[in-house]
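One structure is given here, and the rest of the page talks about it.
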Number of protein chains: 4
Amino acid sequence: MAKPYKLVGREFQPENTHIHVGDAVFGNGSFPVIAGPCAVESEKQVLSIAKSVKDAGATVFRGGAFKPRTSPYSFQGLGKKGLLFLAKVREETGLPIATEVMDIETFDLVEEYADLIQIGSRNMQNFSLLKRAGNSDKPILLKRGMAATLSEWLMAAEYILEQGNTRIILCERGIRTFVRHSRNTLDLSVVTAAKQESHLPVIVDPSHAAGVRDQVISLAYASAAMGADGLMIEVHNHPEDALSDGAQSLYPDQFFTAMEKINAIHAIISKK
Amino acid sequence: MAKPYKLVGREFQPENTHIHVGDAVFGNGSFPVIAGPCAVESEKQVLSIAKSVKDAGATVFRGGAFKPRTSPYSFQGLGKKGLLFLAKVREETGLPIATEVMDIETFDLVEEYADLIQIGSRNMQNFSLLKRAGNSDKPILLKRGMAATLSEWLMAAEYILEQGNTRIILCERGIRTFVRHSRNTLDLSVVTAAKQESHLPVIVDPSHAAGVRDQVISLAYASAAMGADGLMIEVHNHPEDALSDGAQSLYPDQFFTAMEKINAIHAIISKK
Amino acid sequence: MAKPYKLVGREFQPENTHIHVGDAVFGNGSFPVIAGPCAVESEKQVLSIAKSVKDAGATVFRGGAFKPRTSPYSFQGLGKKGLLFLAKVREETGLPIATEVMDIETFDLVEEYADLIQIGSRNMQNFSLLKRAGNSDKPILLKRGMAATLSEWLMAAEYILEQGNTRIILCERGIRTFVRHSRNTLDLSVVTAAKQESHLPVIVDPSHAAGVRDQVISLAYASAAMGADGLMIEVHNHPEDALSDGAQSLYPDQFFTAMEKINAIHAIISKK
Amino acid sequence: MAKPYKLVGREFQPENTHIHVGDAVFGNGSFPVIAGPCAVESEKQVLSIAKSVKDAGATVFRGGAFKPRTSPYSFQGLGKKGLLFLAKVREETGLPIATEVMDIETFDLVEEYADLIQIGSRNMQNFSLLKRAGNSDKPILLKRGMAATLSEWLMAAEYILEQGNTRIILCERGIRTFVRHSRNTLDLSVVTAAKQESHLPVIVDPSHAAGVRDQVISLAYASAAMGADGLMIEVHNHPEDALSDGAQSLYPDQFFTAMEKINAIHAIISKK
């Protein structure tokens with residue numbers, strides 16, 4: 001059967017796409033880790049967390065300034081002020097910044113500050129947003145939708161590629177199933193399957209899949225063992241006070257310890 | 001446990017919300033049917049279908065001018081030209097028009113032509129779009145996301161209500177499951193559950209759930225029997241030539257026959 | 001693609017199989033309803049319920065003597081004593097008896113008392129049990145497994161047919177999904193799809209799918225509207241005191257009222 | 001909320017249960033691997049595979065003599081002859097034998113030959129079989145059902161424990177989801193969650209989850225990284241000729257190479 005996609009497929013480009021974000025490279029066999037809090041809450045918070053995660057070996061900092069929240073009454077993010085805090089993090093630590101864009105209205109603004117622009121799960125088939133991302137000169141982190149098949153995910157990437165932006169990192173973050181012991185079910189098979197079909201790098205976000213801290217660490221190890229091209233993990237200096245996703249955020253020292261094992265596992269997996 | 005929503009709940013408003021769209025009323029115990037093709041293809045096409053469905057008893061006409069498609073290479077809709085054809089349908093038949101809006105950029109345009117603005121499944125948690133819909137003076141048809149819980153769906157409606165637009169019709173259209181004999185699995189229980197929780201009308205779209213014509217008709221009967229507040233069904237004059245969703249579109253004469261049984265079932269269900 | 005089954009398919013037998021259970025006929029266009037409590041609790045209980053459901057128009061009585069329960073500490077059924085009470089029901093009311101068999105060890109015993117032997121969802125792929133059922137001279141009610149595809153369900157029926165027992169009634173009872181507003185998600189599309197593929201009658205059990213009484217009634221109407229070949233519904237004289245499944249059992253007077261609408265809907269659906 | 005189970009919980013027994021099967025120990029922090037073909041096909045086949053997997057470091061041999069197959073027309077296993085071949089494997093290699101039991105009728109026979117008795121996914125809620133297993137003096141490998149919640153799985157183990165058999169190994173093997181790029185979706189979170197709730201060892205079968213060889217190896221690494229108590233993997237000397245599950249069986253040399261990495265990952269994970 002003919003594949004429904006073109007540019008995203010291995011048939012179009014057999015070799016892996018390498019994507020540079022600051023000093024991090026996704027897709028070249030290394031294992032960059034994106035870390036930071038769910039939401040930017042204050043300058044002090046992001047600077048503190050950024051220093052911790054940099055020490056632990058993270059090479060991209062994440063933090064949300066515009067937050068898609070299930071409830072209109074939940075904290076919606078600091079908006080432009082949050083982006084300014086993120087710029088400060090970059091200035092002080094040298095870490096490139098990954099942050100989410102929620103709509104076309106704020107795309108220019110996010111694009112100005114971000115080194116890696118995230119399109120979230122709920123927007124994976126927001127086709128207008130995908131087209132705008134396709135006209136950006138910044139790399140895109142495209143999260144898989146909670147109910148998206150591999151084919152639908154790759155087609156979403158195709159929307160971006162088709163507009164001319166070839167720098168796309170795919171990110172698995174868990175699918176919705178009947179399971180109740182975790183928030184979502186991390187689908188690690190999709191890492192292998194997506195990398196077979198596509199030349200794009202595939203990373204994993206274990207934080208949103210698990211929803212609880214203990215599972216996050218183990219799923220991070222599993223993601224490294226699976227042969228993913230990197231990780232995105234939520235780390236917070238005071239998870240108990242976090243304005244969102246506290247229960248799934250790692251403490252900085254947990255993250256530090258985890259990074260050692262993550263790197264050791266990646267080294268084993270990478271051996272020929 | 002406290003409900004996560006406020007305005008959408010029966011606690012806030014015990015009595016049913018009635019929503020008028022042309023002569024159709026949703027939520028008052030009647031059973032209006034929205035019918036038409038998946039996509040507007042030509043003036044001749046929509047006029048022909050509109051006359052058929054009006055004869056059969058449909059009271060709202062549907063047709064997509066902006067089409068969210070999994071592939072960037074699929075027909076994306078006629079855009080503004082499609083809206084003009086829909087306006088022509090309204091002029092000639094008197095039927096009000098339901099059509100989908102995909103983004104904020106084209107919202108003003110769609111709002112100008114539509115009598116009922118549809119937000120599709122893939123955009124159910126496009127919160128920026130929901131907020132814009134909340135500032136519209138047109139009623140909104142909010143489809144349930146393929147992996148949305150009842151609570152998430154109601155929270156999406158809450159985003160619209162919270163901005164001031166109280167005219168929202170909820171539309172169940174099938175959820176994603178392991179099943180392969182239909183495109184999605186129509187979740188009819190959600191009709192009962194949503195109506196218990198919320199004062200908003202709840203209708204059913206059996207066409208997208210089924211994906212195949214034979215199932216659509218039976219699911220339409222089942223939806224009427226379930227006590228829904230109406231239906232949205234795809235009808236095409238030449239399904240075999242349709243630019244999208246041909247396999248699930250009814251032939252006009254099938255729709256005509258089905259409407260008689262739909263109305264008869266609704267009459268039985270409505271009896272005290 | 002070649003179908004994986006043989007005897008169960010329309011290719012093997014184009015015309016519907018009719019299955020007689022007492023005076024009820026499944027598969028001939030009529031709409032027999034099987035009703036009764038989840039579990040047999042006492043002679044008085046089953047006699048009382050049986051009289052009610054017979055008055056309402058049910059033509060087969062159901063009640064479990066051997067109960068598959070998630071917990072070993074839950075009521076496991078009255079066993080042989082329960083079967084004797086069921087025999088008493090048949091004697092006093094003339095209603096044939098449907099009851100579940102859980103294993104080969106008790107098959108002979110159940111076979112002796114039952115007019116219709118139920119194989120439950122959890123045993124749908126208990127192949128040893130299916131083979132034993134295939135050697136019975138009693139008709140079999142084969143419930144769909146909670147995660148069974150249509151093909152797997154039909155293959156389970158094929159196991160029975162292949163041993164020589166051609167009297168099988170398929171029963172949809174809900175599939176496991178991410179949904180939380182109902183116990184399972186009733187998959188009504190499977191009625192249409194199964195009847196297209198197979199000549200066997202297909203009935204629906206809305207009680208186990210819903211898990212809550214209000215949904216059960218509406219789903220029963222929907223099942224009739226869907227064109228199923230009958231229903232199986234839980235009715236209890238004192239649901240609040242039921243030893244199992246109380247929350248989803250109808251009160252006798254609810255069932256009585258529902259039966260009128262069920263029959264009226266079936267009459268509409270059956271009209272040419 | 002009170003836990004529905006008793007004996008299976010950490011509240012009842014805080015420390016890990018250790019289960020000895022030959023020289024392998026499950027639950028004590030080691031990482032035993034069970035390997036072998038899906039089905040026993042011939043004496044020569046099992047001896048050849050057994051030698052290979054032993055060389056690679058497997059400490060339990062698996063092979064099915066009684067095979068639960070979706071179709072009655074598929075190879076159903078060699079039955080007693082298969083058990084005799086497995087006994088020969090034990091005699092020649094010293095490896096203990098894990099094999100599946102499908103029903104009570106053949107339980108005594110399987111019990112006589114097996115060192116570890118497997119209850120398959122489809123029988124996870126075959127309560128009569130569970131009770132029989134509870135009266136066995138052999139350890140039980142209890143696979144999770146394809147649609148089983150953690151609680152249902154633990155309750156199935158409770159059925160066995162309640163009868164007196166305390167030697168149970170839980171085995172995750174993938175759940176049924178909407179995903180189509182793998183046969184099932186391996187739910188690695190359940191390893192963490194099950195070990196938190198219960199003192200029983202939890203192993204992973206990546207072969208049935210994946211359904212394709214390339215994914216199996218990566219999922220095996222991921223399972224080791226996740227902190228599971230062991231693995232069960234299908235290995236076949238001629239996968240292309242296997243009578244069942246060929247596509248997901250590893251070649252012996254693949255398994256050999258994989259075992260080195262599996263052990264290296266386990267060593268990293270086990271470090272304090």
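How things are named: the first chain in the structure tokens is A, the next is B, and so on; residues count from 1 in each chain; ligands count from 1 in the order shown.
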Test item: residues at most 9 Å from A:Val8, only C-alpha atoms, excluding those fewer than 4 positions along its chain, as a JSON list (two decimals) with N, CA and C atoms, in the first residue's frame:
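Once written, selection00.json looks like this:
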```json
[["chain", "number", "residue", "atom", "x", "y", "z"],
["A", 12, "PHE", "N", 11.80, 8.94, 1.19],
["A", 12, "PHE", "CA", 12.20, 10.26, 0.70],
["A", 12, "PHE", "C", 13.60, 10.60, 1.15],
["A", 13, "GLN", "N", 13.93, 10.28, 2.39],
["A", 13, "GLN", "CA", 15.26, 10.57, 2.94],
["A", 13, "GLN", "C", 15.69, 9.41, 3.82],
["A", 154, "LEU", "N", 2.68, 11.18, 11.88],
["A", 154, "LEU", "CA", 3.60, 11.48, 10.78],
["A", 154, "LEU", "C", 2.96, 12.44, 9.78],
["A", 155, "MET", "N", 1.67, 12.31, 9.56],
["A", 155, "MET", "CA", 0.98, 13.24, 8.66],
["A", 155, "MET", "C", 0.98, 14.65, 9.23],
["A", 157, "ALA", "N", 3.38, 15.88, 11.00],
["A", 157, "ALA", "CA", 4.73, 16.36, 10.69],
["A", 157, "ALA", "C", 4.84, 16.74, 9.21],
["A", 158, "GLU", "N", 4.16, 15.97, 8.39],
["A", 158, "GLU", "CA", 4.17, 16.24, 6.94],
["A", 158, "GLU", "C", 3.60, 17.64, 6.64],
["A", 161, "LEU", "N", 6.53, 19.91, 7.29],
["A", 161, "LEU", "CA", 7.56, 19.71, 6.27],
["A", 161, "LEU", "C", 7.13, 20.29, 4.93],
["A", 166, "THR", "N", 12.04, 21.81, 7.83],
["A", 166, "THR", "CA", 12.45, 20.40, 7.87],
["A", 166, "THR", "C", 12.93, 19.99, 9.26],
["A", 197, "GLU", "N", 9.88, 4.20, 10.08],
["A", 197, "GLU", "CA", 9.12, 4.87, 9.01],
["A", 197, "GLU", "C", 9.74, 6.19, 8.60],
["A", 198, "SER", "N", 10.28, 6.91, 9.57],
["A", 198, "SER", "CA", 10.67, 8.30, 9.33],
["A", 198, "SER", "C", 12.12, 8.57, 9.70],
["A", 199, "HIS", "N", 12.69, 9.57, 9.06],
["A", 199, "HIS", "CA", 14.07, 10.00, 9.32],
["A", 199, "HIS", "C", 14.15, 11.01, 10.44],
["A", 200, "LEU", "N", 13.00, 11.41, 10.98],
["A", 200, "LEU", "CA", 12.99, 12.43, 12.03],
["A", 200, "LEU", "C", 13.39, 11.83, 13.38]]
```
Per residue of chain A within 8 Å of chain B, what are the shortest atom pair and its distance in Å to one decimal, counting only C-alpha atoms, with rows by chain and residue number, as a Markdown table?
```
| residue | atom | partner | partner_atom | distance |
| --- | --- | --- | --- | --- |
| A:Pro4 | CA | B:Ser71 | CA | 7.4 |
| A:Tyr5 | CA | B:Ser71 | CA | 7.6 |
| A:Pro68 | CA | B:Phe127 | CA | 6.7 |
| A:Arg69 | CA | B:Phe127 | CA | 7.9 |
| A:Thr70 | CA | B:Met155 | CA | 6.4 |
| A:Ser71 | CA | B:Met155 | CA | 5.8 |
| A:Pro72 | CA | B:Tyr159 | CA | 5.5 |
| A:Met102 | CA | B:Ser128 | CA | 7.2 |
| A:Asp103 | CA | B:Ser128 | CA | 6.5 |
| A:Arg122 | CA | B:Gln125 | CA | 5.9 |
| A:Asn123 | CA | B:Asn126 | CA | 6.4 |
| A:Gln125 | CA | B:Arg122 | CA | 5.9 |
| A:Asn126 | CA | B:Asn123 | CA | 6.5 |
| A:Phe127 | CA | B:Pro68 | CA | 6.7 |
| A:Ser128 | CA | B:Asp103 | CA | 6.5 |
| A:Met146 | CA | B:Ala147 | CA | 6.9 |
| A:Ala147 | CA | B:Ala147 | CA | 5.9 |
| A:Glu152 | CA | B:Thr70 | CA | 6.4 |
| A:Met155 | CA | B:Ser71 | CA | 5.7 |
| A:Ala156 | CA | B:Thr70 | CA | 7.2 |
| A:Glu158 | CA | B:Pro72 | CA | 7.2 |
| A:Tyr159 | CA | B:Pro72 | CA | 5.5 |
| A:Glu162 | CA | B:Pro72 | CA | 7.7 |
| A:Arg176 | CA | B:Ala147 | CA | 6.8 |
```
Write the residues of the selection above to a file with N, CA and C atoms, as a PDB file, in the first residue's frame.
```
ATOM      1  N   PRO A   4       0.849   7.229   2.992  1.00  0.00           N
ATOM      2  CA  PRO A   4       0.080   8.468   2.807  1.00  0.00           C
ATOM      3  C   PRO A   4       0.967   9.716   2.875  1.00  0.00           C
ATOM      4  N   TYR A   5       2.201   9.561   3.351  1.00  0.00           N
ATOM      5  CA  TYR A   5       3.079  10.719   3.499  1.00  0.00           C
ATOM      6  C   TYR A   5       4.232  10.606   2.518  1.00  0.00           C
ATOM      7  N   PRO A  68      -1.738  25.222  27.924  1.00  0.00           N
ATOM      8  CA  PRO A  68      -3.062  24.678  27.605  1.00  0.00           C
ATOM      9  C   PRO A  68      -3.586  23.919  28.820  1.00  0.00           C
ATOM     10  N   ARG A  69      -4.640  24.383  29.422  1.00  0.00           N
ATOM     11  CA  ARG A  69      -5.166  23.744  30.637  1.00  0.00           C
ATOM     12  C   ARG A  69      -6.593  23.279  30.415  1.00  0.00           C
ATOM     13  N   THR A  70      -6.905  22.112  30.939  1.00  0.00           N
ATOM     14  CA  THR A  70      -8.237  21.551  30.786  1.00  0.00           C
ATOM     15  C   THR A  70      -9.311  22.506  31.312  1.00  0.00           C
ATOM     16  N   SER A  71      -8.992  23.217  32.374  1.00  0.00           N
ATOM     17  CA  SER A  71      -9.971  24.137  32.985  1.00  0.00           C
ATOM     18  C   SER A  71      -9.621  25.591  32.710  1.00  0.00           C
ATOM     19  N   PRO A  72     -10.619  26.417  32.383  1.00  0.00           N
ATOM     20  CA  PRO A  72     -10.349  27.848  32.196  1.00  0.00           C
ATOM     21  C   PRO A  72      -9.993  28.524  33.514  1.00  0.00           C
ATOM     22  N   MET A 102       0.628  27.960  21.557  1.00  0.00           N
ATOM     23  CA  MET A 102      -0.744  27.468  21.579  1.00  0.00           C
ATOM     24  C   MET A 102      -1.587  27.927  20.402  1.00  0.00           C
ATOM     25  N   ASP A 103      -1.155  29.015  19.739  1.00  0.00           N
ATOM     26  CA  ASP A 103      -1.982  29.512  18.650  1.00  0.00           C
ATOM     27  C   ASP A 103      -1.167  30.399  17.717  1.00  0.00           C
ATOM     28  N   ARG A 122      -2.628  18.293  22.348  1.00  0.00           N
ATOM     29  CA  ARG A 122      -4.002  18.705  22.009  1.00  0.00           C
ATOM     30  C   ARG A 122      -4.044  19.475  20.694  1.00  0.00           C
ATOM     31  N   ASN A 123      -2.894  19.970  20.259  1.00  0.00           N
ATOM     32  CA  ASN A 123      -2.814  20.717  18.998  1.00  0.00           C
ATOM     33  C   ASN A 123      -2.189  19.909  17.869  1.00  0.00           C
ATOM     34  N   GLN A 125      -3.314  18.011  15.751  1.00  0.00           N
ATOM     35  CA  GLN A 125      -4.040  18.129  14.487  1.00  0.00           C
ATOM     36  C   GLN A 125      -4.715  19.503  14.361  1.00  0.00           C
ATOM     37  N   ASN A 126      -4.079  20.506  14.922  1.00  0.00           N
ATOM     38  CA  ASN A 126      -4.477  21.899  14.674  1.00  0.00           C
ATOM     39  C   ASN A 126      -3.727  22.306  13.406  1.00  0.00           C
ATOM     40  N   PHE A 127      -4.356  22.034  12.285  1.00  0.00           N
ATOM     41  CA  PHE A 127      -3.646  22.100  11.011  1.00  0.00           C
ATOM     42  C   PHE A 127      -3.194  23.520  10.666  1.00  0.00           C
ATOM     43  N   SER A 128      -3.963  24.518  11.078  1.00  0.00           N
ATOM     44  CA  SER A 128      -3.555  25.902  10.826  1.00  0.00           C
ATOM     45  C   SER A 128      -2.260  26.208  11.584  1.00  0.00           C
ATOM     46  N   MET A 146      -2.967  12.261  22.042  1.00  0.00           N
ATOM     47  CA  MET A 146      -3.285  11.170  22.965  1.00  0.00           C
ATOM     48  C   MET A 146      -3.971   9.988  22.301  1.00  0.00           C
ATOM     49  N   ALA A 147      -4.599  10.243  21.158  1.00  0.00           N
ATOM     50  CA  ALA A 147      -5.298   9.164  20.465  1.00  0.00           C
ATOM     51  C   ALA A 147      -4.820   9.066  19.016  1.00  0.00           C
ATOM     52  N   GLU A 152      -1.147   9.155  11.652  1.00  0.00           N
ATOM     53  CA  GLU A 152      -1.673  10.511  11.846  1.00  0.00           C
ATOM     54  C   GLU A 152      -0.600  11.464  12.370  1.00  0.00           C
ATOM     55  N   MET A 155       1.672  12.309   9.562  1.00  0.00           N
ATOM     56  CA  MET A 155       0.984  13.238   8.655  1.00  0.00           C
ATOM     57  C   MET A 155       0.982  14.652   9.227  1.00  0.00           C
ATOM     58  N   ALA A 156       0.894  14.771  10.538  1.00  0.00           N
ATOM     59  CA  ALA A 156       0.963  16.092  11.160  1.00  0.00           C
ATOM     60  C   ALA A 156       2.345  16.698  10.898  1.00  0.00           C
ATOM     61  N   GLU A 158       4.159  15.968   8.386  1.00  0.00           N
ATOM     62  CA  GLU A 158       4.168  16.242   6.943  1.00  0.00           C
ATOM     63  C   GLU A 158       3.602  17.642   6.644  1.00  0.00           C
ATOM     64  N   TYR A 159       2.575  18.046   7.392  1.00  0.00           N
ATOM     65  CA  TYR A 159       2.019  19.409   7.237  1.00  0.00           C
ATOM     66  C   TYR A 159       3.110  20.457   7.432  1.00  0.00           C
ATOM     67  N   GLU A 162       5.886  20.081   4.620  1.00  0.00           N
ATOM     68  CA  GLU A 162       5.360  20.482   3.318  1.00  0.00           C
ATOM     69  C   GLU A 162       5.438  22.004   3.128  1.00  0.00           C
ATOM     70  N   ARG A 176      -3.999   7.477  25.441  1.00  0.00           N
ATOM     71  CA  ARG A 176      -5.125   7.268  26.358  1.00  0.00           C
ATOM     72  C   ARG A 176      -5.628   5.833  26.236  1.00  0.00           C
TER      73      ARG A 176
END
```
Non-local contacts of C:Leu142 (6 Å; only C-alpha atoms; under 6 positions in same chain excluded) as a PyMOL selection string: chain C and resi 119+170-171
Strand (DSSP E or B) positions in stretch 36-266 of chain A, given as a ChimeraX atom specification: /A:36,39,60-62,64,97-100,116-119,140-143,168-172,175,185,198,202-204,231-235,250
Atom CA of C:Asp229 to atom CA of C:Val190, distance in Å rounded to a single decimal: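 So the two atoms, atom CA of C:Asp229 and atom CA of C:Val190, lie 12.5 Å apart.
As for atom CA of B:Val235 and atom CA of C:Ser223, they are spaced 23.7 Å apart.
When only C-alpha atoms are used to compute distances to D:Ala228, the closest of the residues D:Gln196, D:Gln76, D:Ser249, D:Thr99 turns out to be D:Gln196.
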Contacts of C:Phe107 within 10 Å, only C-alpha atoms, excl. fewer than 5 positions in-chain, as a ChimeraX atom specification: /C:100-102,112,117,129,132-133,136
Please produce an output containing N, CA and C atoms for each residue in the selection, written as a PDB file, in the first residue's frame.
```
ATOM      1  N   GLU C 100     -25.372 -19.121  33.414  1.00  0.00           N
ATOM      2  CA  GLU C 100     -23.974 -19.165  32.984  1.00  0.00           C
ATOM      3  C   GLU C 100     -23.255 -20.417  33.455  1.00  0.00           C
ATOM      4  N   VAL C 101     -22.373 -20.898  32.593  1.00  0.00           N
ATOM      5  CA  VAL C 101     -21.493 -21.995  32.978  1.00  0.00           C
ATOM      6  C   VAL C 101     -20.078 -21.442  33.046  1.00  0.00           C
ATOM      7  N   MET C 102     -19.329 -21.811  34.075  1.00  0.00           N
ATOM      8  CA  MET C 102     -18.004 -21.240  34.266  1.00  0.00           C
ATOM      9  C   MET C 102     -16.866 -22.191  33.940  1.00  0.00           C
ATOM     10  N   GLU C 112     -27.900 -29.729  32.395  1.00  0.00           N
ATOM     11  CA  GLU C 112     -29.096 -30.471  32.791  1.00  0.00           C
ATOM     12  C   GLU C 112     -30.263 -29.512  33.088  1.00  0.00           C
ATOM     13  N   ILE C 117     -27.383 -21.877  27.593  1.00  0.00           N
ATOM     14  CA  ILE C 117     -26.177 -21.864  28.433  1.00  0.00           C
ATOM     15  C   ILE C 117     -25.316 -20.671  28.062  1.00  0.00           C
ATOM     16  N   LEU C 129     -13.490 -24.703  27.227  1.00  0.00           N
ATOM     17  CA  LEU C 129     -14.916 -24.558  27.532  1.00  0.00           C
ATOM     18  C   LEU C 129     -15.731 -24.439  26.239  1.00  0.00           C
ATOM     19  N   ARG C 132     -16.232 -27.836  24.769  1.00  0.00           N
ATOM     20  CA  ARG C 132     -17.267 -28.581  25.503  1.00  0.00           C
ATOM     21  C   ARG C 132     -18.658 -28.078  25.103  1.00  0.00           C
ATOM     22  N   ALA C 133     -18.790 -26.767  24.968  1.00  0.00           N
ATOM     23  CA  ALA C 133     -20.078 -26.185  24.556  1.00  0.00           C
ATOM     24  C   ALA C 133     -20.451 -26.670  23.159  1.00  0.00           C
ATOM     25  N   SER C 136     -22.477 -29.780  23.253  1.00  0.00           N
ATOM     26  CA  SER C 136     -23.732 -29.759  24.008  1.00  0.00           C
ATOM     27  C   SER C 136     -24.910 -29.781  23.034  1.00  0.00           C
TER      28      SER C 136
END
```
Which residues are near D:Ala56? Cut-off 10 Å, only C-alpha atoms, ignore same chain within fewer than 3 positions. Put them as a JSON list (two decimals) with C-alpha atoms, in the first residue's frame.
```
[["chain", "number", "residue", "atom", "x", "y", "z"],
["D", 33, "VAL", "CA", 15.17, -14.62, 31.73],
["D", 35, "ALA", "CA", 13.25, -18.07, 26.87],
["D", 50, "ALA", "CA", 17.25, -24.75, 24.73],
["D", 51, "LYS", "CA", 20.98, -25.11, 24.23],
["D", 52, "SER", "CA", 21.15, -21.74, 22.52],
["D", 53, "VAL", "CA", 19.18, -19.85, 25.15],
["D", 59, "THR", "CA", 17.73, -19.81, 33.25],
["D", 252, "PRO", "CA", 19.27, -17.37, 18.73],
["D", 253, "ASP", "CA", 22.16, -15.06, 17.89],
["D", 254, "GLN", "CA", 19.97, -11.99, 18.31],
["D", 255, "PHE", "CA", 18.97, -13.29, 21.70],
["D", 256, "PHE", "CA", 22.60, -13.93, 22.63],
["D", 257, "THR", "CA", 23.60, -10.36, 21.80],
["D", 258, "ALA", "CA", 20.52, -8.94, 23.47],
["D", 259, "MET", "CA", 21.24, -10.80, 26.71],
["D", 260, "GLU", "CA", 24.55, -9.01, 27.13]]
```
DSSP helix (DSSP H, G or I) selection over stretch 108-256 of chain D, as a PyMOL selection string: chain D and resi 108-113+121-123+127-134+150-162+189-197+206-210+213-226+239-241+246-248+252-256
Contacts of C:Leu150 within 9 Å, only C-alpha atoms, excl. fewer than 6 positions in-chain, as a count of residues only: 7
